[in-house]
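Everything below belongs to final-v4.pdb, which stores PDB, C-alpha atoms.
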```
ATOM      1  CA  MET H   1     -31.241  21.945 129.766
ATOM      2  CA  GLU H   2     -29.124  18.905 130.698
ATOM      3  CA  GLN H   3     -32.034  17.131 132.313
ATOM      4  CA  ARG H   4     -34.317  16.658 129.339
ATOM      5  CA  ASP H   5     -33.790  13.939 126.748
ATOM      6  CA  ARG H   6     -34.408  15.224 123.246
ATOM      7  CA  TYR H   7     -34.824  13.258 120.038
ATOM      8  CA  PHE H   8     -35.413  14.245 116.427
ATOM      9  CA  GLU H   9     -39.125  14.904 117.015
ATOM     10  CA  ASP H  10     -38.299  17.393 119.752
ATOM     11  CA  PHE H  11     -36.530  19.881 117.493
ATOM     12  CA  ALA H  12     -37.962  22.409 115.053
ATOM     13  CA  ALA H  13     -36.496  25.159 112.904
ATOM     14  CA  GLY H  14     -36.131  28.312 114.947
ATOM     15  CA  ASP H  15     -35.443  26.571 118.270
ATOM     16  CA  ARG H  16     -32.671  28.294 120.172
ATOM     17  CA  PHE H  17     -30.463  27.066 122.981
ATOM     18  CA  GLU H  18     -27.716  28.566 125.085
ATOM     19  CA  ALA H  19     -25.098  26.333 126.658
ATOM     20  CA  PRO H  20     -25.218  26.954 130.424
ATOM     21  CA  GLU H  21     -21.451  26.740 130.883
ATOM     22  CA  SER H  22     -18.798  29.036 129.494
ATOM     23  CA  VAL H  23     -15.093  28.288 129.306
ATOM     24  CA  GLU H  24     -11.958  30.385 129.666
ATOM     25  CA  VAL H  25      -9.171  29.896 127.150
ATOM     26  CA  GLN H  26      -5.815  29.822 128.929
ATOM     27  CA  GLU H  27      -2.560  30.873 127.288
ATOM     28  CA  LEU H  28      -1.036  27.492 128.192
ATOM     29  CA  GLU H  29      -3.765  25.653 126.304
ATOM     30  CA  ILE H  30      -3.304  27.929 123.274
ATOM     31  CA  LEU H  31       0.415  27.113 123.216
ATOM     32  CA  GLU H  32      -0.002  23.372 123.835
ATOM     33  CA  PHE H  33      -2.714  22.991 121.198
ATOM     34  CA  ALA H  34      -0.585  24.905 118.684
ATOM     35  CA  ARG H  35       2.440  22.707 119.388
ATOM     36  CA  ALA H  36       0.323  19.604 118.772
ATOM     37  CA  TYR H  37      -1.830  20.685 115.838
ATOM     38  CA  ASP H  38      -1.032  24.133 114.425
ATOM     39  CA  PRO H  39       2.709  24.702 114.925
ATOM     40  CA  GLN H  40       2.990  28.048 113.173
ATOM     41  CA  PRO H  41       5.314  30.542 114.863
ATOM     42  CA  PHE H  42       2.566  33.126 115.443
ATOM     43  CA  HIS H  43       0.583  30.594 117.515
ATOM     44  CA  LEU H  44       3.667  29.413 119.433
ATOM     45  CA  GLU H  45       5.581  32.450 120.638
ATOM     46  CA  HIS H  46       4.833  36.045 121.519
ATOM     47  CA  GLN H  47       7.539  37.643 119.373
ATOM     48  CA  ALA H  48       6.344  35.973 116.179
ATOM     49  CA  ALA H  49       2.757  36.722 117.185
ATOM     50  CA  GLU H  50       3.538  40.433 117.490
ATOM     51  CA  ARG H  51       4.879  40.474 113.944
ATOM     52  CA  SER H  52       1.785  38.663 112.613
ATOM     53  CA  ILE H  53      -1.432  40.016 111.149
ATOM     54  CA  PHE H  54      -2.990  39.718 114.631
ATOM     55  CA  LYS H  55      -0.151  41.623 116.406
ATOM     56  CA  ARG H  56      -0.441  39.322 119.453
ATOM     57  CA  LEU H  57      -0.813  35.718 120.488
ATOM     58  CA  THR H  58      -4.071  34.173 119.261
ATOM     59  CA  ALA H  59      -5.597  30.718 119.482
ATOM     60  CA  SER H  60      -5.548  28.365 116.524
ATOM     61  CA  GLY H  61      -8.961  28.442 114.914
ATOM     62  CA  TRP H  62      -9.043  24.666 115.381
ATOM     63  CA  LEU H  63      -8.696  25.064 119.135
ATOM     64  CA  THR H  64     -11.706  27.361 119.048
ATOM     65  CA  ALA H  65     -13.587  24.786 116.973
ATOM     66  CA  ALA H  66     -12.635  22.031 119.423
ATOM     67  CA  LYS H  67     -13.692  24.091 122.440
ATOM     68  CA  ALA H  68     -16.990  24.852 120.714
ATOM     69  CA  MET H  69     -17.511  21.108 120.355
ATOM     70  CA  ARG H  70     -16.865  20.618 124.059
ATOM     71  CA  LEU H  71     -19.350  23.356 124.958
ATOM     72  CA  PHE H  72     -21.880  21.739 122.604
ATOM     73  CA  VAL H  73     -21.395  18.293 124.192
ATOM     74  CA  GLN H  74     -21.593  19.726 127.703
ATOM     75  CA  SER H  75     -24.734  21.690 126.887
ATOM     76  CA  GLY H  76     -26.667  18.430 126.936
ATOM     77  CA  ILE H  77     -28.804  19.513 123.966
ATOM     78  CA  LEU H  78     -28.078  16.178 122.239
ATOM     79  CA  ARG H  79     -27.106  14.118 125.284
ATOM     80  CA  ALA H  80     -29.723  11.432 124.596
ATOM     81  CA  THR H  81     -28.767  10.825 120.980
ATOM     82  CA  GLY H  82     -25.093  11.750 120.812
ATOM     83  CA  ILE H  83     -23.681  14.312 118.414
ATOM     84  CA  ILE H  84     -23.009  12.588 115.098
ATOM     85  CA  GLY H  85     -21.800  15.082 112.515
ATOM     86  CA  LEU H  86     -22.335  14.297 108.856
ATOM     87  CA  GLY H  87     -20.438  17.418 107.961
ATOM     88  CA  VAL H  88     -20.033  21.060 108.847
ATOM     89  CA  ASP H  89     -20.472  24.047 106.564
ATOM     90  CA  GLU H  90     -19.309  27.640 106.786
ATOM     91  CA  LEU H  91     -16.805  27.632 109.632
ATOM     92  CA  ARG H  92     -15.959  31.277 110.297
ATOM     93  CA  TRP H  93     -13.616  32.968 112.737
ATOM     94  CA  PRO H  94     -14.632  36.642 112.504
ATOM     95  CA  ARG H  95     -12.421  37.680 115.451
ATOM     96  CA  PRO H  96      -9.354  36.114 117.060
ATOM     97  CA  VAL H  97      -9.531  34.309 120.409
ATOM     98  CA  LEU H  98      -7.017  35.729 122.875
ATOM     99  CA  PRO H  99      -5.519  34.305 126.070
ATOM    100  CA  GLY H 100      -8.005  34.813 128.913
ATOM    101  CA  ASP H 101     -11.060  35.069 126.686
ATOM    102  CA  ARG H 102     -14.195  33.431 128.062
ATOM    103  CA  LEU H 103     -16.259  31.634 125.436
ATOM    104  CA  SER H 104     -19.944  30.776 125.444
ATOM    105  CA  LEU H 105     -22.032  28.877 122.916
ATOM    106  CA  ALA H 106     -25.468  29.403 121.411
ATOM    107  CA  ALA H 107     -27.213  26.993 119.034
ATOM    108  CA  GLU H 108     -30.100  27.529 116.646
ATOM    109  CA  VAL H 109     -31.995  24.917 114.653
ATOM    110  CA  LEU H 110     -32.041  25.933 110.976
ATOM    111  CA  GLU H 111     -33.805  22.921 109.467
ATOM    112  CA  THR H 112     -34.953  19.411 110.308
ATOM    113  CA  ARG H 113     -35.773  16.717 107.802
ATOM    114  CA  ARG H 114     -36.545  13.040 108.227
ATOM    115  CA  SER H 115     -34.375  10.575 106.385
ATOM    116  CA  ARG H 116     -35.970   9.069 103.286
ATOM    117  CA  SER H 117     -33.832   5.956 103.462
ATOM    118  CA  ASN H 118     -34.027   5.325 107.208
ATOM    119  CA  SER H 119     -37.285   5.922 109.086
ATOM    120  CA  ARG H 120     -35.467   5.803 112.424
ATOM    121  CA  GLN H 121     -33.472   8.987 111.984
ATOM    122  CA  GLY H 122     -33.385  12.487 110.633
ATOM    123  CA  VAL H 123     -30.926  15.224 109.793
ATOM    124  CA  MET H 124     -30.807  18.470 111.714
ATOM    125  CA  ARG H 125     -28.991  21.523 110.406
ATOM    126  CA  MET H 126     -27.943  23.935 113.164
ATOM    127  CA  ARG H 127     -25.967  27.134 113.493
ATOM    128  CA  LEU H 128     -23.521  27.210 116.378
ATOM    129  CA  THR H 129     -22.186  30.577 117.487
ATOM    130  CA  VAL H 130     -19.375  31.123 119.991
ATOM    131  CA  SER H 131     -19.043  34.532 121.620
ATOM    132  CA  ASN H 132     -16.372  36.024 123.842
ATOM    133  CA  GLN H 133     -16.899  37.887 127.135
ATOM    134  CA  HIS H 134     -17.636  41.091 125.182
ATOM    135  CA  GLY H 135     -20.483  39.454 123.290
ATOM    136  CA  GLU H 136     -18.486  39.435 120.044
ATOM    137  CA  THR H 137     -18.772  36.413 117.776
ATOM    138  CA  VAL H 138     -15.417  34.647 117.500
ATOM    139  CA  TYR H 139     -16.612  31.493 115.718
ATOM    140  CA  SER H 140     -19.642  30.106 113.968
ATOM    141  CA  CYS H 141     -20.404  27.024 111.939
ATOM    142  CA  ILE H 142     -23.330  25.104 110.459
ATOM    143  CA  PRO H 143     -23.236  21.386 111.318
ATOM    144  CA  ASN H 144     -25.489  18.781 109.734
ATOM    145  CA  LEU H 145     -26.249  16.230 112.424
ATOM    146  CA  LEU H 146     -27.689  12.740 112.324
ATOM    147  CA  VAL H 147     -30.381  12.632 115.005
ATOM    148  CA  PRO H 148     -32.301   9.435 115.880
ATOM    149  CA  LEU H 149     -36.034   9.493 116.461
ATOM    150  CA  ARG H 150     -37.355   8.632 119.914
ATOM    151  CA  ASP H 151     -37.141   4.895 120.620
ATOM    152  CA  HIS H 152     -34.438   4.545 117.962
ATOM    153  CA  ALA H 153     -31.492   6.236 119.663
TER     154      ALA H 153
ATOM    155  CA  MET R   1       8.342  20.980  98.884
ATOM    156  CA  GLU R   2       9.469  22.549 102.140
ATOM    157  CA  GLN R   3      12.366  24.329 100.514
ATOM    158  CA  ARG R   4      10.529  26.677  98.183
ATOM    159  CA  ASP R   5       8.906  29.881  99.350
ATOM    160  CA  ARG R   6       5.546  30.397  97.691
ATOM    161  CA  TYR R   7       3.426  33.529  97.618
ATOM    162  CA  PHE R   8       0.070  34.365  96.113
ATOM    163  CA  GLU R   9       1.512  34.732  92.603
ATOM    164  CA  ASP R  10       2.939  31.217  92.751
ATOM    165  CA  PHE R  11      -0.429  29.456  92.946
ATOM    166  CA  ALA R  12      -2.989  28.768  90.234
ATOM    167  CA  ALA R  13      -6.233  26.818  90.076
ATOM    168  CA  GLY R  14      -5.508  23.173  89.448
ATOM    169  CA  ASP R  15      -2.172  23.084  91.300
ATOM    170  CA  ARG R  16      -1.860  19.934  93.394
ATOM    171  CA  PHE R  17       0.371  19.135  96.333
ATOM    172  CA  GLU R  18       0.951  16.114  98.503
ATOM    173  CA  ALA R  19       2.265  16.527 102.018
ATOM    174  CA  PRO R  20       5.488  14.488 102.256
ATOM    175  CA  GLU R  21       4.816  13.296 105.790
ATOM    176  CA  SER R  22       2.029  11.044 107.004
ATOM    177  CA  VAL R  23       0.963  10.588 110.614
ATOM    178  CA  GLU R  24      -0.350   7.643 112.624
ATOM    179  CA  VAL R  25      -3.309   8.220 114.925
ATOM    180  CA  GLN R  26      -2.711   6.485 118.257
ATOM    181  CA  GLU R  27      -5.512   5.227 120.473
ATOM    182  CA  LEU R  28      -4.098   7.254 123.378
ATOM    183  CA  GLU R  29      -4.363  10.464 121.381
ATOM    184  CA  ILE R  30      -7.943   9.623 120.374
ATOM    185  CA  LEU R  31      -8.876   9.169 124.037
ATOM    186  CA  GLU R  32      -7.004  12.233 125.293
ATOM    187  CA  PHE R  33      -8.425  14.505 122.599
ATOM    188  CA  ALA R  34     -11.942  13.230 123.315
ATOM    189  CA  ARG R  35     -11.531  13.853 127.049
ATOM    190  CA  ALA R  36     -10.454  17.412 126.329
ATOM    191  CA  TYR R  37     -12.761  18.399 123.478
ATOM    192  CA  ASP R  38     -15.377  15.791 122.568
ATOM    193  CA  PRO R  39     -16.251  13.885 125.765
ATOM    194  CA  GLN R  40     -18.980  11.674 124.365
ATOM    195  CA  PRO R  41     -18.978   8.088 125.678
ATOM    196  CA  PHE R  42     -18.441   6.526 122.249
ATOM    197  CA  HIS R  43     -15.161   8.478 121.839
ATOM    198  CA  LEU R  44     -14.008   7.697 125.407
ATOM    199  CA  GLU R  45     -14.471   3.998 126.064
ATOM    200  CA  HIS R  46     -14.588   0.812 124.038
ATOM    201  CA  GLN R  47     -17.857  -0.544 125.469
ATOM    202  CA  ALA R  48     -19.826   2.563 124.586
ATOM    203  CA  ALA R  49     -18.065   2.665 121.213
ATOM    204  CA  GLU R  50     -19.210  -0.883 120.423
ATOM    205  CA  ARG R  51     -22.813   0.141 121.056
ATOM    206  CA  SER R  52     -22.485   3.210 118.829
ATOM    207  CA  ILE R  53     -23.256   3.685 115.148
ATOM    208  CA  PHE R  54     -19.559   2.996 114.434
ATOM    209  CA  LYS R  55     -19.417  -0.281 116.465
ATOM    210  CA  ARG R  56     -15.877   0.527 117.649
ATOM    211  CA  LEU R  57     -13.688   3.322 118.953
ATOM    212  CA  THR R  58     -13.311   6.189 116.471
ATOM    213  CA  ALA R  59     -11.541   9.522 116.568
ATOM    214  CA  SER R  60     -13.461  12.731 117.103
ATOM    215  CA  GLY R  61     -13.890  14.419 113.753
ATOM    216  CA  TRP R  62     -12.251  17.466 115.301
ATOM    217  CA  LEU R  63      -9.099  15.483 116.057
ATOM    218  CA  THR R  64      -8.984  14.521 112.391
ATOM    219  CA  ALA R  65      -9.463  18.172 111.426
ATOM    220  CA  ALA R  66      -6.681  19.208 113.814
ATOM    221  CA  LYS R  67      -4.298  16.541 112.499
ATOM    222  CA  ALA R  68      -5.086  17.659 108.949
ATOM    223  CA  MET R  69      -4.057  21.176 109.968
ATOM    224  CA  ARG R  70      -0.769  19.861 111.344
ATOM    225  CA  LEU R  71      -0.071  17.957 108.127
ATOM    226  CA  PHE R  72      -0.901  21.109 106.156
ATOM    227  CA  VAL R  73       1.458  23.231 108.253
ATOM    228  CA  GLN R  74       4.240  20.622 108.048
ATOM    229  CA  SER R  75       3.848  20.295 104.286
ATOM    230  CA  GLY R  76       5.503  23.673 103.899
ATOM    231  CA  ILE R  77       3.137  24.657 101.088
ATOM    232  CA  LEU R  78       2.430  27.972 102.829
ATOM    233  CA  ARG R  79       5.501  28.169 105.025
ATOM    234  CA  ALA R  80       6.541  31.571 103.675
ATOM    235  CA  THR R  81       3.215  33.300 104.210
ATOM    236  CA  GLY R  82       1.641  31.405 107.091
ATOM    237  CA  ILE R  83      -1.744  29.743 106.919
ATOM    238  CA  ILE R  84      -4.381  32.355 107.698
ATOM    239  CA  GLY R  85      -7.860  30.903 107.347
ATOM    240  CA  LEU R  86     -10.732  33.264 106.606
ATOM    241  CA  GLY R  87     -13.116  30.350 106.896
ATOM    242  CA  VAL R  88     -13.591  26.748 105.889
ATOM    243  CA  ASP R  89     -16.463  25.279 103.896
ATOM    244  CA  GLU R  90     -17.767  21.755 103.493
ATOM    245  CA  LEU R  91     -15.984  19.787 106.192
ATOM    246  CA  ARG R  92     -16.802  16.134 105.564
ATOM    247  CA  TRP R  93     -15.868  12.912 107.361
ATOM    248  CA  PRO R  94     -16.913  10.209 104.895
ATOM    249  CA  ARG R  95     -15.286   7.400 106.934
ATOM    250  CA  PRO R  96     -14.285   7.106 110.579
ATOM    251  CA  VAL R  97     -10.657   7.337 111.700
ATOM    252  CA  LEU R  98      -9.659   4.296 113.775
ATOM    253  CA  PRO R  99      -6.772   3.733 116.208
ATOM    254  CA  GLY R 100      -3.639   2.922 114.215
ATOM    255  CA  ASP R 101      -4.782   4.603 111.015
ATOM    256  CA  ARG R 102      -2.070   6.431 109.105
ATOM    257  CA  LEU R 103      -3.218   9.704 107.567
ATOM    258  CA  SER R 104      -1.815  11.605 104.623
ATOM    259  CA  LEU R 105      -2.841  14.932 103.122
ATOM    260  CA  ALA R 106      -3.303  16.198  99.589
ATOM    261  CA  ALA R 107      -4.153  19.779  98.633
ATOM    262  CA  GLU R 108      -5.566  21.228  95.449
ATOM    263  CA  VAL R 109      -5.956  24.883  94.507
ATOM    264  CA  LEU R 110      -9.563  25.547  93.448
ATOM    265  CA  GLU R 111      -9.410  29.295  92.878
ATOM    266  CA  THR R 112      -7.198  32.308  93.434
ATOM    267  CA  ARG R 113      -8.368  35.897  93.405
ATOM    268  CA  ARG R 114      -6.574  39.115  94.286
ATOM    269  CA  SER R 115      -8.113  41.257  96.946
ATOM    270  CA  ARG R 116      -9.927  44.345  95.653
ATOM    271  CA  SER R 117      -9.448  46.239  98.879
ATOM    272  CA  ASN R 118      -5.811  45.313  99.567
ATOM    273  CA  SER R 119      -3.328  45.071  96.710
ATOM    274  CA  ARG R 120      -0.834  43.240  98.910
ATOM    275  CA  GLN R 121      -2.844  40.054  99.326
ATOM    276  CA  GLY R 122      -5.207  37.600  97.726
ATOM    277  CA  VAL R 123      -7.575  34.825  98.665
ATOM    278  CA  MET R 124      -6.904  31.214  97.741
ATOM    279  CA  ARG R 125      -9.605  28.571  97.912
ATOM    280  CA  MET R 126      -8.214  25.048  98.311
ATOM    281  CA  ARG R 127      -9.543  21.553  98.799
ATOM    282  CA  LEU R 128      -7.726  19.522 101.435
ATOM    283  CA  THR R 129      -8.212  15.758 101.419
ATOM    284  CA  VAL R 130      -6.999  13.364 104.113
ATOM    285  CA  SER R 131      -6.719   9.665 103.265
ATOM    286  CA  ASN R 132      -6.005   6.629 105.415
ATOM    287  CA  GLN R 133      -3.491   3.846 104.702
ATOM    288  CA  HIS R 134      -6.039   2.161 102.404
ATOM    289  CA  GLY R 135      -6.340   5.242 100.216
ATOM    290  CA  GLU R 136      -9.852   5.953 101.504
ATOM    291  CA  THR R 137     -10.848   9.562 102.128
ATOM    292  CA  VAL R 138     -11.558  10.124 105.827
ATOM    293  CA  TYR R 139     -11.791  13.926 105.760
ATOM    294  CA  SER R 140     -11.996  16.793 103.337
ATOM    295  CA  CYS R 141     -12.598  20.512 103.597
ATOM    296  CA  ILE R 142     -12.416  23.689 101.525
ATOM    297  CA  PRO R 143     -10.503  26.481 103.271
ATOM    298  CA  ASN R 144     -10.409  30.066 102.079
ATOM    299  CA  LEU R 145      -6.964  31.382 102.874
ATOM    300  CA  LEU R 146      -5.505  34.863 102.999
ATOM    301  CA  VAL R 147      -2.240  34.720 101.063
ATOM    302  CA  PRO R 148       0.132  37.703 100.792
ATOM    303  CA  LEU R 149       1.768  38.600  97.519
ATOM    304  CA  ARG R 150       5.545  38.346  97.244
ATOM    305  CA  ASP R 151       7.301  41.199  99.063
ATOM    306  CA  HIS R 152       4.217  41.693 101.233
ATOM    307  CA  ALA R 153       4.309  38.620 103.471
TER     308      ALA R 153
END
```
This structure in structure tokens:
Amino acid sequence: MEQRDRYFEDFAAGDRFEAPESVEVQELEILEFARAYDPQPFHLEHQAAERSIFKRLTASGWLTAAKAMRLFVQSGILRATGIIGLGVDELRWPRPVLPGDRLSLAAEVLETRRSRSNSRQGVMRMRLTVSNQHGETVYSCIPNLLVPLRDHA
Amino acid sequence: MEQRDRYFEDFAAGDRFEAPESVEVQELEILEFARAYDPQPFHLEHQAAERSIFKRLTASGWLTAAKAMRLFVQSGILRATGIIGLGVDELRWPRPVLPGDRLSLAAEVLETRRSRSNSRQGVMRMRLTVSNQHGETVYSCIPNLLVPLRDHA
């Protein structure tokens, strides 16, 4: 997947991709990310986590979102053009991410449309889905991406 | 703002809050976050950034989202109940975040509704808006939050 350069013309609704790499979420990273960006007690310490709705330490949803972005970049699906997000709709975290979970990413093209105002680019709407090692969805979102046409990247 | 404990009953559509603290985004943090979570050349090095659509180094949109979460946590608006996101809609990055930008957060309640299945909690839909030092919006999103009622947090 990493080897092929893809541009706007190379995508169509219904195309599906799976990122070749998966990534393990370490407890240390959960704690460090929470200290930096989501310093709520139930993301920072086990005792508070046990009293929370999740009953145990869980990753900030924003760490999961950030790790999904890394998996998406590393997948190479948009290596030639770069990943330029106009916006993201419908972020969902249907299950918590726990220390030691291994995450993998799948992407599906929902829609492609050429820009009316700029003939050199188009917009691609995708659904990204992150699953844990049990095949359960832990995160999904629908980014709208600016994707250049070939020879205009 | 930090001193008052708020529960579901204490919020109503139209309520507005401003986080008392603002935060500066340092170039080092932009680079370190990109290395960890968004390793695209235009977020990692100045030369590639100058060739990009932004013409200069910009923060990953996910760093902005993460810093917005920190500002939201620090605001104390939901200190009593915790911030439990069911999902987030309509993430937008209308302008790039640049090294040295100072970000501040405002929150508005869009809708509150009590849960039908669980009398101890409700769902609050908010709009979060992050502005830079020029008063320009650099990020907004619409989280749906699970908020316990008083005596059920």
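Residues in contact with R:Trp62 at up to 9 Å, not including ones fewer than 6 positions away on its chain and judged by only C-alpha atoms, are Trp62, Ala65, Ala66 and Met69 of chain H; Phe33, Tyr37 and Asp38 of chain R.
Computed from the coordinates, the atom CA of H:Asn132 to atom CA of H:Glu108 distance equals 17.7 Å.
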Inset, instruction - Quick one: apply the PyMOL selection byres ((chain R) within 9 of (chain H)) to the file and drop the selected residues here as a PyMOL selection string. - result: chain R and resi 34+36-42+53+61-63+65-74+79+82-94
Using only C-alpha atoms, please write the residues we just selected to a file, as a PDB file, in the frame of the given file.
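To be explicit, this is the file written out as result_16.pdb:
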```pdb
ATOM      1  CA  ALA R  34     -11.942  13.230 123.315  1.00  0.00           C
ATOM      2  CA  ALA R  36     -10.454  17.412 126.329  1.00  0.00           C
ATOM      3  CA  TYR R  37     -12.761  18.399 123.478  1.00  0.00           C
ATOM      4  CA  ASP R  38     -15.377  15.791 122.568  1.00  0.00           C
ATOM      5  CA  PRO R  39     -16.251  13.885 125.765  1.00  0.00           C
ATOM      6  CA  GLN R  40     -18.980  11.674 124.365  1.00  0.00           C
ATOM      7  CA  PRO R  41     -18.978   8.088 125.678  1.00  0.00           C
ATOM      8  CA  PHE R  42     -18.441   6.526 122.249  1.00  0.00           C
ATOM      9  CA  ILE R  53     -23.256   3.685 115.148  1.00  0.00           C
ATOM     10  CA  GLY R  61     -13.890  14.419 113.753  1.00  0.00           C
ATOM     11  CA  TRP R  62     -12.251  17.466 115.301  1.00  0.00           C
ATOM     12  CA  LEU R  63      -9.099  15.483 116.057  1.00  0.00           C
ATOM     13  CA  ALA R  65      -9.463  18.172 111.426  1.00  0.00           C
ATOM     14  CA  ALA R  66      -6.681  19.208 113.814  1.00  0.00           C
ATOM     15  CA  LYS R  67      -4.298  16.541 112.499  1.00  0.00           C
ATOM     16  CA  ALA R  68      -5.086  17.659 108.949  1.00  0.00           C
ATOM     17  CA  MET R  69      -4.057  21.176 109.968  1.00  0.00           C
ATOM     18  CA  ARG R  70      -0.769  19.861 111.344  1.00  0.00           C
ATOM     19  CA  LEU R  71      -0.071  17.957 108.127  1.00  0.00           C
ATOM     20  CA  PHE R  72      -0.901  21.109 106.156  1.00  0.00           C
ATOM     21  CA  VAL R  73       1.458  23.231 108.253  1.00  0.00           C
ATOM     22  CA  GLN R  74       4.240  20.622 108.048  1.00  0.00           C
ATOM     23  CA  ARG R  79       5.501  28.169 105.025  1.00  0.00           C
ATOM     24  CA  GLY R  82       1.641  31.405 107.091  1.00  0.00           C
ATOM     25  CA  ILE R  83      -1.744  29.743 106.919  1.00  0.00           C
ATOM     26  CA  ILE R  84      -4.381  32.355 107.698  1.00  0.00           C
ATOM     27  CA  GLY R  85      -7.860  30.903 107.347  1.00  0.00           C
ATOM     28  CA  LEU R  86     -10.732  33.264 106.606  1.00  0.00           C
ATOM     29  CA  GLY R  87     -13.116  30.350 106.896  1.00  0.00           C
ATOM     30  CA  VAL R  88     -13.591  26.748 105.889  1.00  0.00           C
ATOM     31  CA  ASP R  89     -16.463  25.279 103.896  1.00  0.00           C
ATOM     32  CA  GLU R  90     -17.767  21.755 103.493  1.00  0.00           C
ATOM     33  CA  LEU R  91     -15.984  19.787 106.192  1.00  0.00           C
ATOM     34  CA  ARG R  92     -16.802  16.134 105.564  1.00  0.00           C
ATOM     35  CA  TRP R  93     -15.868  12.912 107.361  1.00  0.00           C
ATOM     36  CA  PRO R  94     -16.913  10.209 104.895  1.00  0.00           C
TER      37      PRO R  94
END
```
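Applied to the file shown here, the PyMOL selection byres ((chain R and resi 18) around 7) selects the residues Arg16, Phe17, Ala19, Pro20, Leu105, Ala106 and Ala107 of chain R.
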Legend entry - Interatomic distance (Å, one decimal) between atom CA of R:Arg56 and atom CA of H:Asn118: 21.5 Å
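If you look at atom CA of R:Glu24 and atom CA of R:Gly76, they are 19.2 Å away from each other.
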Inset, instruction - Would you mind listing what lies within 12 Å of H:Asp10 as a VMD selection string, with all atoms listed in the file counted and same-chain residues fewer than 4 positions away left out? - result: chain H and resid 4 to 6 15 77 to 78 80 to 81 109 112 122 124 147 to 150
Inset, instruction - Please provide as a PyMOL selection string all residues within 12 Å of R:Phe54, with the sequence filter that same-chain residues fewer than 6 positions apart are discarded (counting all atoms listed in the file). - result: (chain H and resi 84) or (chain R and resi 42-43+46-48+60+95-98)
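For the choices R:Leu44, R:Leu31, R:Leu103, R:Ala12, the atom-to-atom distance to R:Thr129 is smallest for R:Leu103 when using all atoms listed in the file.
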Name every residue that the PyMOL selection byres ((chain R and resi 99) around 8) selects in this structure, writing the answer as a compact mmCIF listing (two decimals) with C-alpha atoms, keeping the file's coordinate frame with chains first and numbers rising.
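Written file, out32.txt:
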```txt
# COMPACT_ATOMS: atom_id res chain seq x y z
CA VAL R 25 -3.31 8.22 114.92
CA GLN R 26 -2.71 6.48 118.26
CA GLU R 27 -5.51 5.23 120.47
CA ILE R 30 -7.94 9.62 120.37
CA LEU R 57 -13.69 3.32 118.95
CA THR R 58 -13.31 6.19 116.47
CA ALA R 59 -11.54 9.52 116.57
CA VAL R 97 -10.66 7.34 111.70
CA LEU R 98 -9.66 4.30 113.78
CA GLY R 100 -3.64 2.92 114.22
CA ASP R 101 -4.78 4.60 111.02
```
